[in-house]
Amino acid sequence: MDLPSISKESVDLVSSKFDTIIADVSERMNYLIQQTCQSAERHHEQCVAVADESTWEMDKLRGIIERCDEIELEFAKIKRIGEIVKEFKNRVAYLEKRI
């Protein structure tokens, strides 16, 4: 079985077309790589910004919790002072009845 002969011009033409296709694919691939890197960088920056904001908010909440704890202690002191005052009033009342 004889194979058809292929001219050098045909081979050169197919080779040239193939080189063009490979160059186009390579160019498109490089573009997509660049776009992917840019998108990943933007996403990374957004994540860092969200993390920074979250850290700031958590610090703010910790401060509020600390102030609430301080207020709670002050209320406990006030309650204890009220108990002491009540005890003194009871003593005074008792002493007045004795007199």
# chains A, B, ... in the order shown; residues from 1 in each chain; ligands from 1
>>> closest_atom_pairs(of="range 60-82 of chain A", to="range 35-56 of chain A", cutoff="12 Å", atoms="only C-alpha atoms", output="tab-separated table")
residue	atom	partner	partner_atom	distance
A:Lys60	CA	A:Trp56	CA	6.2
A:Leu61	CA	A:Trp56	CA	8.7
A:Arg62	CA	A:Trp56	CA	9.9
A:Gly63	CA	A:Trp56	CA	10.7
>>> write_last_selection(atoms="all heavy atoms", output="mmCIF file, in the first residue's frame")
data_model
loop_
_atom_site.group_PDB
_atom_site.id
_atom_site.type_symbol
_atom_site.label_atom_id
_atom_site.label_comp_id
_atom_site.auth_asym_id
_atom_site.auth_seq_id
_atom_site.Cartn_x
_atom_site.Cartn_y
_atom_site.Cartn_z
ATOM 1 N N LYS A 60 -12.256 45.783 70.695
ATOM 2 C CA LYS A 60 -13.274 46.712 71.178
ATOM 3 C C LYS A 60 -14.232 45.995 72.134
ATOM 4 O O LYS A 60 -14.558 46.512 73.212
ATOM 5 C CB LYS A 60 -14.035 47.291 69.980
ATOM 6 C CG LYS A 60 -15.035 48.356 70.309
ATOM 7 C CD LYS A 60 -15.643 48.871 69.001
ATOM 8 C CE LYS A 60 -16.857 49.724 69.250
ATOM 9 N NZ LYS A 60 -17.488 50.162 67.994
ATOM 10 N N LEU A 61 -14.673 44.796 71.763
ATOM 11 C CA LEU A 61 -15.576 44.026 72.619
ATOM 12 C C LEU A 61 -14.907 43.620 73.925
ATOM 13 O O LEU A 61 -15.539 43.634 74.985
ATOM 14 C CB LEU A 61 -16.080 42.783 71.885
ATOM 15 C CG LEU A 61 -17.137 43.041 70.818
ATOM 16 C CD1 LEU A 61 -17.460 41.762 70.054
ATOM 17 C CD2 LEU A 61 -18.400 43.609 71.427
ATOM 18 N N ARG A 62 -13.624 43.267 73.862
ATOM 19 C CA ARG A 62 -12.896 42.941 75.097
ATOM 20 C C ARG A 62 -12.884 44.138 76.046
ATOM 21 O O ARG A 62 -13.057 43.987 77.255
ATOM 22 C CB ARG A 62 -11.469 42.507 74.774
ATOM 23 C CG ARG A 62 -11.370 41.094 74.279
ATOM 24 C CD ARG A 62 -9.904 40.643 74.133
ATOM 25 N NE ARG A 62 -9.839 39.423 73.372
ATOM 26 C CZ ARG A 62 -9.490 39.330 72.100
ATOM 27 N NH1 ARG A 62 -9.122 40.408 71.434
ATOM 28 N NH2 ARG A 62 -9.464 38.167 71.480
ATOM 29 N N GLY A 63 -12.681 45.319 75.498
ATOM 30 C CA GLY A 63 -12.706 46.538 76.312
ATOM 31 C C GLY A 63 -14.068 46.762 76.942
ATOM 32 O O GLY A 63 -14.166 47.123 78.123
#
>>> atom_distance(atom1="CA of Glu27 in chain A", atom2="CA of Glu9 in chain A")
26.6 Å
>>> atom_distance(atom1="CA of Ala76 in chain A", atom2="CA of Arg91 in chain A")
22.7 Å
